[in-house]
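Chemist: Dropping in query-v4.tsv, which is TSV, C-alpha atoms:
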chain	number	residue	atom	x	y	z
A	1157	MET	CA	-24.71	-1.80	5.18
A	1158	PHE	CA	-22.55	-0.91	8.19
A	1159	LYS	CA	-22.22	-4.50	9.44
A	1160	LYS	CA	-18.51	-5.17	9.05
A	1161	ILE	CA	-16.24	-2.21	9.65
A	1162	LEU	CA	-12.61	-2.03	8.57
A	1163	PHE	CA	-10.74	0.34	10.87
A	1164	PRO	CA	-7.21	1.05	9.59
A	1165	THR	CA	-5.44	2.87	12.38
A	1166	ASP	CA	-2.02	4.40	13.00
A	1167	PHE	CA	-2.97	5.02	16.68
A	1168	SER	CA	-2.92	8.79	16.18
A	1169	ASP	CA	-5.33	10.98	18.15
A	1170	VAL	CA	-7.55	11.54	15.14
A	1171	SER	CA	-7.61	7.83	14.47
A	1172	LYS	CA	-8.69	7.19	18.05
A	1173	LYS	CA	-11.60	9.60	17.59
A	1174	ALA	CA	-12.91	7.13	15.04
A	1175	VAL	CA	-13.53	4.66	17.87
A	1176	LYS	CA	-16.47	6.64	19.24
A	1177	TYR	CA	-18.03	6.76	15.78
A	1178	ILE	CA	-17.71	3.01	15.45
A	1179	LYS	CA	-19.54	2.62	18.78
A	1180	GLN	CA	-22.31	4.91	17.57
A	1181	LEU	CA	-22.75	2.86	14.40
A	1182	LYS	CA	-23.91	-0.10	16.45
A	1183	GLY	CA	-27.41	1.35	16.26
A	1184	ALA	CA	-27.14	1.32	12.45
A	1185	GLY	CA	-26.23	-2.37	12.37
A	1186	ALA	CA	-22.45	-2.49	12.97
A	1187	GLN	CA	-21.45	-5.87	14.39
A	1188	GLU	CA	-17.83	-6.60	13.59
A	1189	VAL	CA	-14.66	-4.51	13.56
A	1190	ILE	CA	-11.48	-5.44	11.72
A	1191	ILE	CA	-8.69	-3.39	13.29
A	1192	LEU	CA	-5.87	-3.01	10.79
A	1193	HIS	CA	-2.47	-1.52	11.46
A	1194	VAL	CA	-0.03	-1.22	8.61
A	1195	ILE	CA	3.62	-0.86	9.53
A	1196	ASP	CA	4.75	1.41	6.73
A	1197	GLU	CA	7.66	-0.29	4.98
A	1198	LYS	CA	9.08	3.07	3.88
A	1199	GLU	CA	9.04	4.40	7.41
A	1200	LEU	CA	10.65	1.22	8.69
A	1201	LEU	CA	13.41	1.56	6.14
A	1202	VAL	CA	14.10	5.16	7.11
A	1203	LEU	CA	14.17	4.30	10.81
A	1204	SER	CA	16.50	1.36	10.27
A	1205	ARG	CA	18.92	3.49	8.27
A	1206	VAL	CA	19.05	6.14	10.94
A	1207	ALA	CA	19.55	3.69	13.74
A	1208	GLY	CA	21.19	0.87	11.85
A	1209	GLN	CA	19.42	-1.66	14.01
A	1210	TYR	CA	16.66	-3.02	11.86
A	1211	LEU	CA	15.75	-6.09	13.92
A	1212	GLN	CA	15.62	-4.30	17.25
A	1213	ILE	CA	13.52	-1.49	15.82
A	1214	THR	CA	11.14	-3.95	14.23
A	1215	ALA	CA	10.76	-5.83	17.50
A	1216	GLN	CA	10.13	-2.57	19.38
A	1217	ILE	CA	7.52	-1.42	16.88
A	1218	GLU	CA	5.79	-4.79	16.93
A	1219	LYS	CA	5.58	-4.67	20.72
A	1220	GLU	CA	4.07	-1.18	20.72
A	1221	VAL	CA	1.63	-2.11	17.96
A	1222	ALA	CA	0.47	-5.19	19.88
A	1223	GLU	CA	-0.22	-3.06	22.98
A	1224	GLU	CA	-2.15	-0.42	21.06
A	1225	MET	CA	-4.15	-3.06	19.22
A	1226	ALA	CA	-5.03	-4.88	22.46
A	1227	ALA	CA	-6.33	-1.63	23.98
A	1228	ILE	CA	-8.66	-0.92	21.06
A	1229	GLU	CA	-9.73	-4.56	20.95
A	1230	ALA	CA	-10.71	-4.45	24.63
A	1231	GLU	CA	-12.73	-1.26	24.08
A	1232	MET	CA	-14.58	-2.74	21.11
A	1233	THR	CA	-15.23	-6.07	22.79
A	1234	THR	CA	-16.72	-4.28	25.79
A	1235	GLU	CA	-19.16	-2.61	23.41
A	1236	GLY	CA	-20.25	-6.00	22.13
A	1237	PHE	CA	-18.45	-6.01	18.79
A	1238	ARG	CA	-16.81	-9.05	17.27
A	1239	VAL	CA	-13.17	-8.03	16.75
A	1240	LYS	CA	-10.41	-9.21	14.45
A	1241	LEU	CA	-6.85	-7.82	14.56
A	1242	LYS	CA	-4.63	-7.54	11.50
A	1243	VAL	CA	-1.05	-6.26	11.46
A	1244	LYS	CA	0.66	-5.96	8.09
A	1245	THR	CA	3.95	-4.55	6.89
A	1246	GLY	CA	3.77	-2.83	3.53
A	1247	ARG	CA	2.25	0.21	1.85
A	1248	PRO	CA	-0.76	1.46	3.82
A	1249	PHE	CA	-3.00	2.08	0.81
A	1250	THR	CA	-2.25	-1.33	-0.74
A	1251	GLU	CA	-2.81	-3.16	2.53
A	1252	ILE	CA	-6.08	-1.33	3.21
A	1253	MET	CA	-7.41	-2.26	-0.23
A	1254	ALA	CA	-6.30	-5.88	0.28
A	1255	ALA	CA	-8.04	-6.04	3.66
A	1256	VAL	CA	-11.30	-4.63	2.26
A	1257	ALA	CA	-11.38	-7.39	-0.35
A	1258	GLU	CA	-10.23	-10.16	1.97
A	1259	GLU	CA	-12.65	-9.32	4.75
A	1260	LYS	CA	-15.53	-8.22	2.52
A	1261	ALA	CA	-15.83	-5.12	4.70
A	1262	SER	CA	-18.97	-3.05	4.32
A	1263	LEU	CA	-17.45	0.25	5.49
A	1264	ILE	CA	-14.02	1.76	6.11
A	1265	ILE	CA	-13.55	4.24	8.94
A	1266	MET	CA	-10.30	6.16	9.16
A	1267	GLY	CA	-8.74	9.41	10.30
A	1268	SER	CA	-8.05	12.14	7.79
A	1269	HIS	CA	-4.49	12.69	9.02
A	1270	GLY	CA	-1.75	10.65	10.66
A	1271	ARG	CA	0.52	11.08	13.66
A	1272	SER	CA	3.42	13.25	12.58
A	1273	ASN	CA	3.72	15.87	9.88
A	1274	ILE	CA	5.27	13.45	7.46
A	1275	GLU	CA	2.70	10.80	8.21
A	1276	GLU	CA	0.01	13.45	7.95
A	1277	MET	CA	0.90	13.86	4.33
A	1278	LEU	CA	1.09	10.12	3.88
A	1279	MET	CA	-2.24	9.53	5.60
A	1280	GLY	CA	-3.76	12.44	3.73
A	1281	SER	CA	-2.88	10.83	0.47
A	1282	VAL	CA	-3.93	7.42	1.79
A	1283	SER	CA	-7.48	8.58	2.52
A	1284	GLU	CA	-7.66	10.35	-0.85
A	1285	ASN	CA	-6.48	7.21	-2.61
A	1286	VAL	CA	-9.02	5.16	-0.70
A	1287	ILE	CA	-11.78	7.57	-1.83
A	1288	ARG	CA	-10.70	7.11	-5.43
A	1289	HIS	CA	-10.40	3.35	-5.40
A	1290	ALA	CA	-12.42	1.77	-2.61
A	1291	LYS	CA	-15.53	-0.09	-3.63
A	1292	VAL	CA	-17.05	0.42	-0.17
A	1293	PRO	CA	-18.12	3.59	1.62
A	1294	LEU	CA	-15.51	5.46	3.59
A	1295	LEU	CA	-16.15	7.45	6.77
A	1296	VAL	CA	-13.32	9.94	7.27
A	1297	ILE	CA	-12.88	11.47	10.70
A	1298	SER	CA	-11.13	14.82	10.66
A	1299	ARG	CA	-8.61	16.07	13.17
A	1300	GLU	CA	-10.65	19.04	14.29
A	1301	ILE	CA	-13.64	17.11	15.63
B	1186	MET	CA	-22.84	12.41	16.44
B	1187	PHE	CA	-24.85	11.62	13.31
B	1188	LYS	CA	-27.83	13.82	14.22
B	1189	LYS	CA	-27.74	16.46	11.50
B	1190	ILE	CA	-26.61	15.26	8.09
B	1191	LEU	CA	-25.52	17.55	5.29
B	1192	PHE	CA	-26.14	15.84	1.96
B	1193	PRO	CA	-24.60	17.78	-0.94
B	1194	THR	CA	-25.95	16.17	-4.11
B	1195	ASP	CA	-25.56	16.62	-7.84
B	1196	PHE	CA	-28.38	14.07	-8.42
B	1197	SER	CA	-25.95	11.57	-9.98
B	1198	ASP	CA	-26.51	7.84	-9.51
B	1199	VAL	CA	-23.72	7.55	-6.97
B	1200	SER	CA	-25.12	10.51	-5.09
B	1201	LYS	CA	-28.51	8.81	-4.97
B	1202	LYS	CA	-26.91	5.73	-3.42
B	1203	ALA	CA	-26.11	7.93	-0.45
B	1204	VAL	CA	-29.83	8.16	0.29
B	1205	LYS	CA	-30.01	4.55	1.49
B	1206	TYR	CA	-27.05	5.15	3.82
B	1207	ILE	CA	-28.78	8.17	5.29
B	1208	LYS	CA	-31.84	6.02	6.00
B	1209	GLN	CA	-29.67	3.41	7.68
B	1210	LEU	CA	-28.10	6.04	9.93
B	1211	LYS	CA	-31.44	6.65	11.57
B	1212	GLY	CA	-30.60	3.83	13.97
B	1213	ALA	CA	-27.38	5.66	14.89
B	1214	GLY	CA	-29.25	8.86	15.78
B	1215	ALA	CA	-29.71	10.69	12.47
B	1216	GLN	CA	-32.70	13.05	12.67
B	1217	GLU	CA	-32.32	15.86	10.19
B	1218	VAL	CA	-31.09	16.06	6.59
B	1219	ILE	CA	-29.97	19.24	4.87
B	1220	ILE	CA	-30.13	18.55	1.13
B	1221	LEU	CA	-27.75	20.89	-0.66
B	1222	HIS	CA	-27.44	21.34	-4.38
B	1223	VAL	CA	-24.81	23.69	-5.71
B	1224	ILE	CA	-25.30	24.97	-9.23
B	1225	ASP	CA	-21.69	25.17	-10.33
B	1226	GLU	CA	-21.03	28.72	-11.49
B	1227	LYS	CA	-18.27	27.53	-13.84
B	1228	GLU	CA	-20.56	25.01	-15.48
B	1229	LEU	CA	-23.29	27.62	-15.81
B	1230	LEU	CA	-20.87	29.95	-17.51
B	1231	VAL	CA	-19.75	27.30	-19.98
B	1232	LEU	CA	-23.33	26.35	-20.79
B	1233	SER	CA	-24.38	29.94	-21.27
B	1234	ARG	CA	-21.49	30.59	-23.64
B	1235	VAL	CA	-22.35	27.58	-25.75
B	1236	ALA	CA	-26.02	28.37	-25.92
B	1237	GLY	CA	-25.87	32.11	-25.48
B	1238	GLN	CA	-29.10	32.05	-23.54
B	1239	TYR	CA	-28.09	32.50	-19.95
B	1240	LEU	CA	-31.48	33.32	-18.47
B	1241	GLN	CA	-33.35	30.50	-20.19
B	1242	ILE	CA	-30.70	27.97	-19.22
B	1243	THR	CA	-30.73	29.17	-15.64
B	1244	ALA	CA	-34.51	28.88	-15.48
B	1245	GLN	CA	-34.39	25.38	-16.95
B	1246	ILE	CA	-31.71	24.24	-14.49
B	1247	GLU	CA	-33.61	25.72	-11.57
B	1248	LYS	CA	-36.76	23.87	-12.59
B	1249	GLU	CA	-34.92	20.54	-12.86
B	1250	VAL	CA	-33.16	21.12	-9.56
B	1251	ALA	CA	-36.43	21.88	-7.81
B	1252	GLU	CA	-37.94	18.62	-9.09
B	1253	GLU	CA	-34.95	16.52	-8.05
B	1254	MET	CA	-34.86	18.16	-4.63
B	1255	ALA	CA	-38.58	17.57	-4.08
B	1256	ALA	CA	-38.18	13.86	-4.88
B	1257	ILE	CA	-35.38	13.39	-2.33
B	1258	GLU	CA	-37.27	15.50	0.20
B	1259	ALA	CA	-40.34	13.28	-0.13
B	1260	GLU	CA	-38.24	10.14	0.34
B	1261	MET	CA	-36.55	11.51	3.45
B	1262	THR	CA	-39.77	12.83	4.96
B	1263	THR	CA	-41.40	9.43	4.53
B	1264	GLU	CA	-38.54	7.97	6.57
B	1265	GLY	CA	-39.30	10.39	9.38
B	1266	PHE	CA	-36.42	12.83	8.87
B	1267	ARG	CA	-36.71	16.57	9.28
B	1268	VAL	CA	-35.64	18.00	5.92
B	1269	LYS	CA	-34.25	21.34	4.80
B	1270	LEU	CA	-33.52	22.19	1.16
B	1271	LYS	CA	-30.72	24.52	0.09
B	1272	VAL	CA	-29.92	25.54	-3.49
B	1273	LYS	CA	-26.87	27.71	-4.04
B	1274	THR	CA	-25.01	28.97	-7.08
B	1275	GLY	CA	-21.26	29.12	-6.68
B	1276	ARG	CA	-18.26	26.86	-6.21
B	1277	PRO	CA	-19.34	23.46	-4.83
B	1278	PHE	CA	-16.51	23.14	-2.30
B	1279	THR	CA	-17.00	26.68	-0.96
B	1280	GLU	CA	-20.76	26.27	-0.66
B	1281	ILE	CA	-20.44	22.90	1.08
B	1282	MET	CA	-18.06	24.37	3.66
B	1283	ALA	CA	-20.39	27.34	4.16
B	1284	ALA	CA	-23.38	25.06	4.68
B	1285	VAL	CA	-21.52	22.91	7.24
B	1286	ALA	CA	-20.78	26.00	9.31
B	1287	GLU	CA	-24.19	27.61	8.86
B	1288	GLU	CA	-26.16	24.48	9.69
B	1289	LYS	CA	-23.76	23.12	12.31
B	1290	ALA	CA	-23.97	19.77	10.53
B	1291	SER	CA	-22.61	16.75	12.39
B	1292	LEU	CA	-21.81	14.68	9.29
B	1293	ILE	CA	-21.45	15.15	5.54
B	1294	ILE	CA	-22.51	12.36	3.18
B	1295	MET	CA	-21.58	12.61	-0.45
B	1296	GLY	CA	-20.78	10.59	-3.56
B	1297	SER	CA	-17.18	10.10	-4.58
B	1298	HIS	CA	-17.85	11.04	-8.20
B	1299	GLY	CA	-20.25	13.25	-10.13
B	1300	ARG	CA	-22.50	12.84	-13.15
B	1301	SER	CA	-20.36	13.30	-16.23
B	1302	ASN	CA	-16.68	12.73	-16.83
B	1303	ILE	CA	-15.87	16.38	-16.33
B	1304	GLU	CA	-17.97	16.56	-13.22
B	1305	GLU	CA	-16.40	13.35	-12.03
B	1306	MET	CA	-13.11	15.13	-11.87
B	1307	LEU	CA	-14.73	18.14	-10.25
B	1308	MET	CA	-16.58	16.04	-7.67
B	1309	GLY	CA	-13.48	13.95	-7.11
B	1310	SER	CA	-11.57	17.03	-6.17
B	1311	VAL	CA	-14.52	18.34	-4.17
B	1312	SER	CA	-14.62	15.29	-1.91
B	1313	GLU	CA	-10.83	15.38	-1.53
B	1314	ASN	CA	-10.98	19.05	-0.61
B	1315	VAL	CA	-13.74	18.34	1.88
B	1316	ILE	CA	-11.57	15.63	3.48
B	1317	ARG	CA	-8.76	18.11	3.87
B	1318	HIS	CA	-10.78	20.97	5.27
B	1319	ALA	CA	-14.03	19.82	6.82
B	1320	LYS	CA	-14.24	19.95	10.58
B	1321	VAL	CA	-16.92	17.25	10.59
B	1322	PRO	CA	-16.78	13.61	9.56
B	1323	LEU	CA	-17.38	12.78	5.93
B	1324	LEU	CA	-19.03	9.62	4.64
B	1325	VAL	CA	-18.05	9.09	1.00
B	1326	ILE	CA	-20.13	6.71	-1.08
B	1327	SER	CA	-18.26	5.24	-4.02
B	1328	ARG	CA	-19.64	4.59	-7.46
B	1329	GLU	CA	-19.06	0.83	-7.42
B	1330	ILE	CA	-21.32	0.05	-4.46
I'd like the structure from this file rewritten - as structure tokens, please.
Modeler:
Amino acid sequence: MFKKILFPTDFSDVSKKAVKYIKQLKGAGAQEVIILHVIDEKELLVLSRVAGQYLQITAQIEKEVAEEMAAIEAEMTTEGFRVKLKVKTGRPFTEIMAAVAEEKASLIIMGSHGRSNIEEMLMGSVSENVIRHAKVPLLVISREI
Amino acid sequence: MFKKILFPTDFSDVSKKAVKYIKQLKGAGAQEVIILHVIDEKELLVLSRVAGQYLQITAQIEKEVAEEMAAIEAEMTTEGFRVKLKVKTGRPFTEIMAAVAEEKASLIIMGSHGRSNIEEMLMGSVSENVIRHAKVPLLVISREI
């Protein structure tokens, strides 16, 4: 029921709070964590327009993402979870839904809000969309916890 | 972290699916369940207008609610949970937020949709509102599970 957890993360503080809930779910049968980061294609486009250096920005983002992912992976592995990392570029909601289906996840855990104000709105709508469409339970961790 | 669960329920099928998740959370430290049913004041008003028999309708609803609550209570008690029942009349979202604060709940579990089509929309917006405003994690159980 809680065996295979999909954890879409944007590495925000609220998203990191989800990590301690994943650990706690071990007692309820959690065994595997799929850590998913979606590089938002819209955000990438905006950044590349501002800076005009699409390839460099992409490389920089990919490097940062890899570091953040490795840190969460290490933490989860220490706790005895099997871990799989997934990095996708696209629309967060679409990629989350695709990962649920592909991985046959039994639960999604995500933060209620994202990093910045703009992403907050994006993430807000992402978790609401997930509520509406996901065929698996969703544990939403709020910012205020 | 999952010790005290607030379970707002409208007794719909999807809401009842939440019960098995509550049971499973015992292994993650769940000990107490607050079962909350909110008699929607708007719905009550509509019903009373149609039928013109406010007091009789209220009595009938209260009887049905008491029976549904007792059934869930029995199921939870059998599983070894401490159980508290709360029935409120008002706006579901407002009453859920009030109960979280009053009971110092550590987690809310609720269905993503309600009983009828109209309530579906209401419940849909209730769970989205809870995501936006709750200071505790929210586990949303979807209809398709």
Chemist: With a cut-off of 12 Å and counting all atoms listed in the file, select all residues of chain A in contact with chain B and give the selection as a ChimeraX atom specification.
Modeler: /A:1157-1159,1170-1171,1173-1174,1176-1186,1261-1269,1276-1277,1279-1301
Chemist: Tell me which protein, DNA and RNA residues are within 8 Å of Thr1194 (chain B), counting all atoms listed in the file, leaving out same-chain ones fewer than 2 positions away, and put them as a list in words.
Modeler: Phe1192, Phe1196, Ser1197, Ser1200, Lys1201, Ile1220, Leu1221, His1222, Val1223, Met1295 and Gly1296 of chain B
Chemist: Counting all atoms listed in the file, which of B:Ala1259, B:Ile1224, B:Val1218, B:Ile1281 gets nearest to Gln1245 (chain B)?
Modeler: B:Ile1224
Chemist: Can you measure CA of Ala1226 (chain A) to CA of Leu1241 (chain A) for me? One decimal in Å is fine.
Modeler: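 Computed distance, CA of Ala1226 (chain A) to CA of Leu1241 (chain A), equals 8.6 Å.
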Chemist: Rounded to one decimal in Å, what is the spacing between CA of Val1239 (chain A) and CA of Ile1190 (chain A)?
Modeler: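 Between CA of Val1239 (chain A) and CA of Ile1190 (chain A) the gap is 5.9 Å.
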